[in-house]
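Enquirer: Sharing my_file.cif below, mmCIF, C-alpha atoms:
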data_model
loop_
_atom_site.label_atom_id
_atom_site.label_comp_id
_atom_site.auth_asym_id
_atom_site.auth_seq_id
_atom_site.Cartn_x
_atom_site.Cartn_y
_atom_site.Cartn_z
CA MET A 1352 -1.65 16.20 -8.30
CA LYS A 1353 1.33 14.76 -10.10
CA TRP A 1354 4.51 13.90 -8.22
CA ILE A 1355 7.88 12.91 -9.68
CA THR A 1356 11.10 11.37 -8.43
CA ARG A 1357 14.03 9.24 -9.49
CA ALA A 1358 13.47 5.76 -10.86
CA HIS A 1359 14.50 2.55 -9.05
CA VAL A 1360 12.68 3.16 -5.78
CA HIS A 1361 14.20 2.25 -2.47
CA VAL A 1362 13.30 3.08 1.16
CA ASP A 1363 12.62 6.83 0.91
CA ARG A 1364 11.13 6.67 -2.60
CA VAL A 1365 8.62 4.10 -1.37
CA ALA A 1366 7.90 5.69 1.99
CA CYS A 1367 7.37 9.15 0.47
CA PRO A 1368 4.70 8.09 -2.03
CA TRP A 1369 2.99 6.16 0.78
CA LEU A 1370 3.04 9.26 2.98
CA ILE A 1371 1.83 11.49 0.16
CA ARG A 1372 -1.01 9.17 -0.85
CA ARG A 1373 -2.16 8.50 2.71
CA PHE A 1374 -1.77 11.96 4.29
CA VAL A 1375 -1.23 14.66 1.66
CA ASP A 1376 -2.87 13.80 -1.67
CA SER A 1377 -5.12 10.75 -1.92
CA GLU A 1378 -5.32 11.17 -5.71
CA ALA A 1379 -1.55 11.43 -6.19
CA GLU A 1380 -0.13 10.20 -9.48
CA PHE A 1381 3.54 9.20 -9.38
CA PHE A 1382 6.15 9.36 -12.13
CA PHE A 1383 9.61 7.80 -12.00
CA VAL A 1384 12.35 9.00 -14.32
CA ALA A 1385 16.13 8.97 -14.62
CA LYS A 1386 17.83 11.19 -12.05
CA ASN A 1387 18.99 13.67 -14.69
CA LEU A 1388 15.44 14.06 -16.05
CA VAL A 1389 13.55 14.90 -12.86
CA ASP A 1390 13.75 18.70 -13.27
CA GLU A 1391 12.89 18.67 -16.96
CA GLU A 1392 10.04 16.20 -16.61
CA SER A 1393 8.62 17.90 -13.51
CA LYS A 1394 8.22 21.09 -15.56
CA ARG A 1395 6.79 19.27 -18.56
CA LEU A 1396 4.28 17.31 -16.47
CA GLY A 1397 3.57 20.03 -13.91
CA ALA A 1398 4.63 17.54 -11.23
CA ILE A 1399 6.01 18.16 -7.76
CA PRO A 1400 9.54 16.75 -7.46
CA PHE A 1401 10.56 14.85 -4.34
CA ASP A 1402 13.59 12.87 -3.19
CA SER A 1403 15.70 14.36 -5.93
CA PRO A 1404 18.79 16.57 -5.62
CA GLY A 1405 17.76 20.20 -5.17
CA ALA A 1406 14.07 19.45 -4.64
CA GLU A 1407 12.30 21.30 -1.83
CA LEU A 1408 10.97 17.91 -0.73
CA GLY A 1409 14.39 16.30 -0.71
CA HIS A 1410 17.15 15.53 1.75
CA ARG A 1411 17.84 18.46 4.09
CA ASP A 1412 19.97 18.94 7.19
CA GLY A 1413 20.84 15.24 7.43
CA HIS A 1414 17.23 14.12 7.09
CA CYS A 1415 15.57 12.20 4.30
CA SER A 1416 12.76 13.36 2.03
CA PHE A 1417 10.10 11.67 4.18
CA VAL A 1418 11.00 14.10 6.98
CA SER A 1419 10.95 17.06 4.55
CA ILE A 1420 7.44 16.12 3.42
CA MET A 1421 6.26 15.76 7.01
CA GLU A 1422 7.64 19.20 7.85
CA ARG A 1423 6.27 20.86 4.68
CA TYR A 1424 2.76 19.55 5.27
CA ALA A 1425 2.87 19.93 9.09
CA LEU A 1426 2.24 16.24 9.74
CA ALA A 1427 2.67 15.68 13.47
CA ASP A 1428 0.91 12.38 14.17
CA PRO A 1429 3.10 10.61 16.78
CA ALA A 1430 2.90 7.31 14.85
CA LEU A 1431 4.11 9.07 11.70
CA LEU A 1432 6.94 10.65 13.66
CA ARG A 1433 8.06 7.19 14.83
CA LEU A 1434 7.85 5.91 11.26
CA ALA A 1435 9.82 8.93 10.06
CA GLU A 1436 12.61 8.05 12.49
CA ALA A 1437 12.84 4.53 11.05
CA VAL A 1438 12.70 5.68 7.42
CA ASN A 1439 15.27 8.39 8.05
CA ALA A 1440 17.68 5.96 9.72
CA ALA A 1441 17.30 3.44 6.89
CA ASP A 1442 17.65 6.01 4.13
CA THR A 1443 20.59 7.94 5.59
CA ASP A 1444 22.70 4.84 6.29
CA ASP A 1445 22.28 5.20 10.04
CA LEU A 1446 20.83 1.72 10.49
CA ALA A 1447 22.15 1.30 14.02
CA SER A 1448 20.18 4.30 15.31
CA ASN A 1449 16.74 2.73 14.92
CA PRO A 1450 15.69 -0.89 15.52
CA TYR A 1451 13.34 -0.89 12.51
CA ALA A 1452 15.77 0.63 9.99
CA PRO A 1453 17.64 -2.58 9.06
CA GLY A 1454 14.32 -4.27 8.36
CA LEU A 1455 13.17 -1.44 6.10
CA GLU A 1456 16.45 -1.61 4.21
CA ALA A 1457 16.14 -5.40 3.78
CA ILE A 1458 12.50 -5.16 2.70
CA ALA A 1459 13.28 -2.43 0.16
CA SER A 1460 16.13 -4.46 -1.30
CA GLY A 1461 14.06 -7.61 -1.54
CA PHE A 1462 11.08 -5.90 -3.14
CA SER A 1463 13.35 -4.20 -5.67
CA LEU A 1464 14.65 -7.60 -6.72
CA MET A 1465 11.18 -9.11 -6.89
CA HIS A 1466 9.47 -6.11 -8.52
CA PRO A 1467 11.84 -3.97 -10.60
CA ASP A 1468 8.91 -1.94 -11.98
CA ASP A 1469 8.60 1.06 -9.65
CA LYS A 1470 4.80 1.31 -9.72
CA ALA A 1471 4.37 -2.42 -9.07
CA ASN A 1472 6.92 -2.17 -6.28
CA LEU A 1473 4.99 0.67 -4.62
CA GLU A 1474 1.70 -1.15 -4.96
CA ARG A 1475 3.09 -4.07 -2.99
CA GLN A 1476 5.16 -2.17 -0.42
CA PHE A 1477 2.39 0.22 0.62
CA ALA A 1478 0.96 -2.62 2.73
CA ILE A 1479 4.26 -2.76 4.66
CA TYR A 1480 3.99 0.93 5.53
CA ASP A 1481 0.30 0.59 6.39
CA ALA A 1482 1.25 -2.18 8.80
CA LEU A 1483 4.13 -0.24 10.36
CA TYR A 1484 1.92 2.82 10.79
CA ALA A 1485 -0.76 0.67 12.49
CA PHE A 1486 1.92 -0.87 14.72
CA PHE A 1487 3.22 2.56 15.78
CA LYS A 1488 -0.36 3.75 16.38
CA LEU A 1489 -0.98 0.77 18.67
CA GLU A 1490 2.34 1.27 20.43
CA GLY A 1491 1.43 4.90 21.09
CA ALA A 1492 -1.98 3.93 22.48
CA LYS A 1493 -0.29 1.64 25.02
CA ARG A 1494 1.73 4.49 26.49
#
Give the structure from the file, written as structure tokens.
Expert:
Amino acid sequence: MKWITRAHVHVDRVACPWLIRRFVDSEAEFFFVAKNLVDEESKRLGAIPFDSPGAELGHRDGHCSFVSIMERYALADPALLRLAEAVNAADTDDLASNPYAPGLEAIASGFSLMHPDDKANLERQFAIYDALYAFFKLEGAKR
């Protein structure tokens, strides 16, 4: 499937493609366009919009798009839920509510400076989310 969101990825627009590729659609193809073109281009491409104003898979009830995607696709893995808490805190400017949120914000900012191309940025940051997911899986197994 094709998926589309706003250009210039940051925390949620990196975490969401990671979540989609790993748990929803392993063949996902991502498109990044100007904010005002998401609706038009989603129709033209037949792509599912996410993390864009008005999108079903966008911010809702104080939660980020990562949480919306988890709810829409009934993803309930405890490690994903822990990761969702961190992503949500980082993306909704509630950094103090989660110990991992400031790190996600810093990583997203640094990668954006190093890799301004959205697809290249994703390619490199997916390893960060793979590592965090593995960490939360291990943490859950210790309980």
Enquirer: Tell me, in Å to one decimal, how far CA of Trp1354 (chain A) is from CA of Val1389 (chain A).
Expert: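 Rounded to one decimal, the two atoms are 10.2 Å apart.
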Enquirer: Step by step, work through what the PyMOL selection byres ((chain A and resi 1437) around 8) selects in the shown file, and finish by giving those residues as number ranges by chain.
Expert: A: 1433-1436, 1438-1441, 1449-1452, 1455
Enquirer: Taking the file above as input, evaluate the PyMOL selection byres ((chain A and resi 1457-1467) around 12) and report the hits as an MDAnalysis selection string.
Expert: chainID A and resid 1358:1366 1438 1441:1442 1446 1451:1456 1468:1480
Enquirer: Between A:Thr1443, A:Ile1399, A:Asn1387, A:Leu1426, which residue has the minimum interatomic distance to Arg1411 (chain A), considering only C-alpha atoms?
Expert: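 Counting only C-alpha atoms, the residue closest to Arg1411 (chain A) is A:Thr1443.
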Enquirer: Please determine, counting only C-alpha atoms, which residue among A:Ser1448, A:Ser1419, A:Leu1431, A:Leu1370 has the shortest atom-to-atom distance to Leu1489 (chain A).
Expert: A:Leu1431
Enquirer: What lies within 8 Å of Cys1367 (chain A) using all atoms listed in the file, ignoring chain neighbours under 5 positions off, as a list of chain:residue names?
Expert: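 Selected residues are A:Ser1416, A:Phe1417, A:Ile1420.
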Enquirer: Between A:Asp1444, A:Cys1415, A:Ser1403, A:Pro1429, which has the minimum distance to Ala1485 (chain A) (counting all atoms listed in the file)?
Expert: A:Pro1429
Enquirer: In terms of the shortest atom-to-atom distance over all atoms listed in the file, which of A:Val1418, A:Val1384, A:Ala1430, A:Ala1379 is closest to Ala1492 (chain A)?
Expert: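 Of A:Val1418, A:Val1384, A:Ala1430, A:Ala1379, the one nearest Ala1492 (chain A), counting all atoms listed in the file, is A:Ala1430.
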Enquirer: Would you work out the distance separating CA of Gly1397 (chain A) from CA of Arg1357 (chain A), expressed in Å to one decimal?
Expert: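 According to the coordinates, CA of Gly1397 (chain A) and CA of Arg1357 (chain A) are separated by 15.7 Å.
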Enquirer: Rank nothing, just name the residue among A:Leu1483, A:Lys1493, A:Thr1356, A:Glu1392 nearest to Pro1404 (chain A), using only C-alpha atoms.
Expert: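 Nearest candidate to Pro1404 (chain A) out of A:Leu1483, A:Lys1493, A:Thr1356, A:Glu1392: A:Thr1356.
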Enquirer: To one decimal place, how far is CA of Gly1405 (chain A) from CA of Asp1445 (chain A) in Å?
Expert: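 Taking CA of Gly1405 (chain A) as the start and CA of Asp1445 (chain A) as the end point, the length is 21.8 Å.
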Enquirer: Can you tell me which residues surround Glu1378 (chain A) at a distance of at most 9 Å, considering only C-alpha atoms, apart from same-chain residues fewer than 2 positions away, and format the answer as an MDAnalysis selection string?
Expert: chainID A and resid 1352:1353 1372 1376 1380
Enquirer: With a distance cut-off of 10 Å and all atoms listed in the file, select the neighbouring residues of Tyr1424 (chain A), excluding the residue or stretch itself and same-chain residues fewer than 5 positions from it, and output the selection as a list in words.
Expert: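 So, after excluding close chain neighbours, the residues are Ile1371, Phe1374, Val1375 and Ser1419 of chain A.
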Enquirer: Just the selected residues (C-alpha atoms), exported as a PDB file, in the coordinates of the input, please.
Expert:
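In the end it all went to result-v2.pdb:
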ATOM      1  CA  ILE A1371       1.830  11.490   0.160  1.00  0.00           C
ATOM      2  CA  PHE A1374      -1.770  11.960   4.290  1.00  0.00           C
ATOM      3  CA  VAL A1375      -1.230  14.660   1.660  1.00  0.00           C
ATOM      4  CA  SER A1419      10.950  17.060   4.550  1.00  0.00           C
TER       5      SER A1419
END
Enquirer: Which residue, A:Glu1490, A:Tyr1484, A:Ile1355, A:Asp1428, has the smallest gap to Ala1385 (chain A) when you use only C-alpha atoms?
Expert: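 For Ala1385 (chain A), the nearest of the candidates is A:Ile1355.
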Enquirer: Would you mind putting back N, CA and C atoms on region 1421-1454 of chain A, then writing it out as a compact mmCIF listing (two decimals), in the coordinates of the input?
Expert:
# COMPACT_ATOMS: atom_id res chain seq x y z
N MET A 1421 6.98 15.61 5.75
CA MET A 1421 6.26 15.76 7.01
C MET A 1421 6.31 17.21 7.50
N GLU A 1422 7.49 17.81 7.41
CA GLU A 1422 7.64 19.20 7.85
C GLU A 1422 6.85 20.15 6.95
N ARG A 1423 6.95 19.98 5.64
CA ARG A 1423 6.27 20.86 4.68
C ARG A 1423 4.76 20.85 4.85
N TYR A 1424 4.20 19.68 5.15
CA TYR A 1424 2.76 19.55 5.27
C TYR A 1424 2.29 19.48 6.73
N ALA A 1425 3.18 19.84 7.66
CA ALA A 1425 2.87 19.93 9.09
C ALA A 1425 2.20 18.66 9.62
N LEU A 1426 2.76 17.52 9.27
CA LEU A 1426 2.24 16.24 9.74
C LEU A 1426 2.91 15.92 11.08
N ALA A 1427 2.11 15.82 12.13
CA ALA A 1427 2.67 15.68 13.47
C ALA A 1427 2.11 14.48 14.23
N ASP A 1428 1.44 13.59 13.55
CA ASP A 1428 0.91 12.38 14.17
C ASP A 1428 2.08 11.62 14.81
N PRO A 1429 1.99 11.30 16.10
CA PRO A 1429 3.10 10.61 16.78
C PRO A 1429 3.51 9.29 16.09
N ALA A 1430 2.56 8.55 15.55
CA ALA A 1430 2.90 7.31 14.85
C ALA A 1430 3.69 7.61 13.59
N LEU A 1431 3.34 8.67 12.88
CA LEU A 1431 4.11 9.07 11.70
C LEU A 1431 5.51 9.53 12.08
N LEU A 1432 5.62 10.21 13.20
CA LEU A 1432 6.94 10.65 13.66
C LEU A 1432 7.84 9.45 13.96
N ARG A 1433 7.28 8.41 14.56
CA ARG A 1433 8.06 7.19 14.83
C ARG A 1433 8.47 6.53 13.52
N LEU A 1434 7.54 6.49 12.56
CA LEU A 1434 7.85 5.91 11.26
C LEU A 1434 8.91 6.74 10.56
N ALA A 1435 8.82 8.05 10.67
CA ALA A 1435 9.82 8.93 10.06
C ALA A 1435 11.22 8.65 10.61
N GLU A 1436 11.32 8.37 11.90
CA GLU A 1436 12.61 8.05 12.49
C GLU A 1436 13.20 6.79 11.85
N ALA A 1437 12.37 5.78 11.65
CA ALA A 1437 12.84 4.53 11.05
C ALA A 1437 13.23 4.73 9.59
N VAL A 1438 12.40 5.43 8.83
CA VAL A 1438 12.70 5.68 7.42
C VAL A 1438 13.97 6.50 7.29
N ASN A 1439 14.09 7.53 8.11
CA ASN A 1439 15.27 8.39 8.05
C ASN A 1439 16.54 7.60 8.35
N ALA A 1440 16.50 6.77 9.37
CA ALA A 1440 17.68 5.96 9.72
C ALA A 1440 18.04 5.00 8.59
N ALA A 1441 17.04 4.38 7.98
CA ALA A 1441 17.30 3.44 6.89
C ALA A 1441 17.83 4.16 5.66
N ASP A 1442 17.29 5.33 5.37
CA ASP A 1442 17.65 6.01 4.13
C ASP A 1442 18.94 6.82 4.23
N THR A 1443 19.36 7.14 5.43
CA THR A 1443 20.59 7.94 5.59
C THR A 1443 21.75 7.08 6.08
N ASP A 1444 21.64 5.78 5.92
CA ASP A 1444 22.70 4.84 6.29
C ASP A 1444 23.08 4.94 7.76
N ASP A 1445 22.07 5.16 8.60
CA ASP A 1445 22.28 5.20 10.04
C ASP A 1445 21.48 4.06 10.68
N LEU A 1446 21.65 2.87 10.11
CA LEU A 1446 20.83 1.72 10.49
C LEU A 1446 20.88 1.39 11.98
N ALA A 1447 22.00 1.65 12.60
CA ALA A 1447 22.15 1.30 14.02
C ALA A 1447 21.34 2.21 14.94
N SER A 1448 20.87 3.35 14.44
CA SER A 1448 20.18 4.30 15.31
C SER A 1448 18.70 3.99 15.53
N ASN A 1449 18.16 3.03 14.78
CA ASN A 1449 16.74 2.73 14.92
C ASN A 1449 16.54 1.22 14.72
N PRO A 1450 15.83 0.57 15.63
CA PRO A 1450 15.69 -0.89 15.52
C PRO A 1450 14.92 -1.37 14.29
N TYR A 1451 14.14 -0.50 13.67
CA TYR A 1451 13.34 -0.89 12.51
C TYR A 1451 14.05 -0.60 11.18
N ALA A 1452 15.07 0.22 11.22
CA ALA A 1452 15.77 0.63 9.99
C ALA A 1452 16.38 -0.53 9.21
N PRO A 1453 17.08 -1.47 9.84
CA PRO A 1453 17.64 -2.58 9.06
C PRO A 1453 16.56 -3.39 8.34
N GLY A 1454 15.42 -3.55 8.99
CA GLY A 1454 14.32 -4.27 8.36
C GLY A 1454 13.78 -3.54 7.15
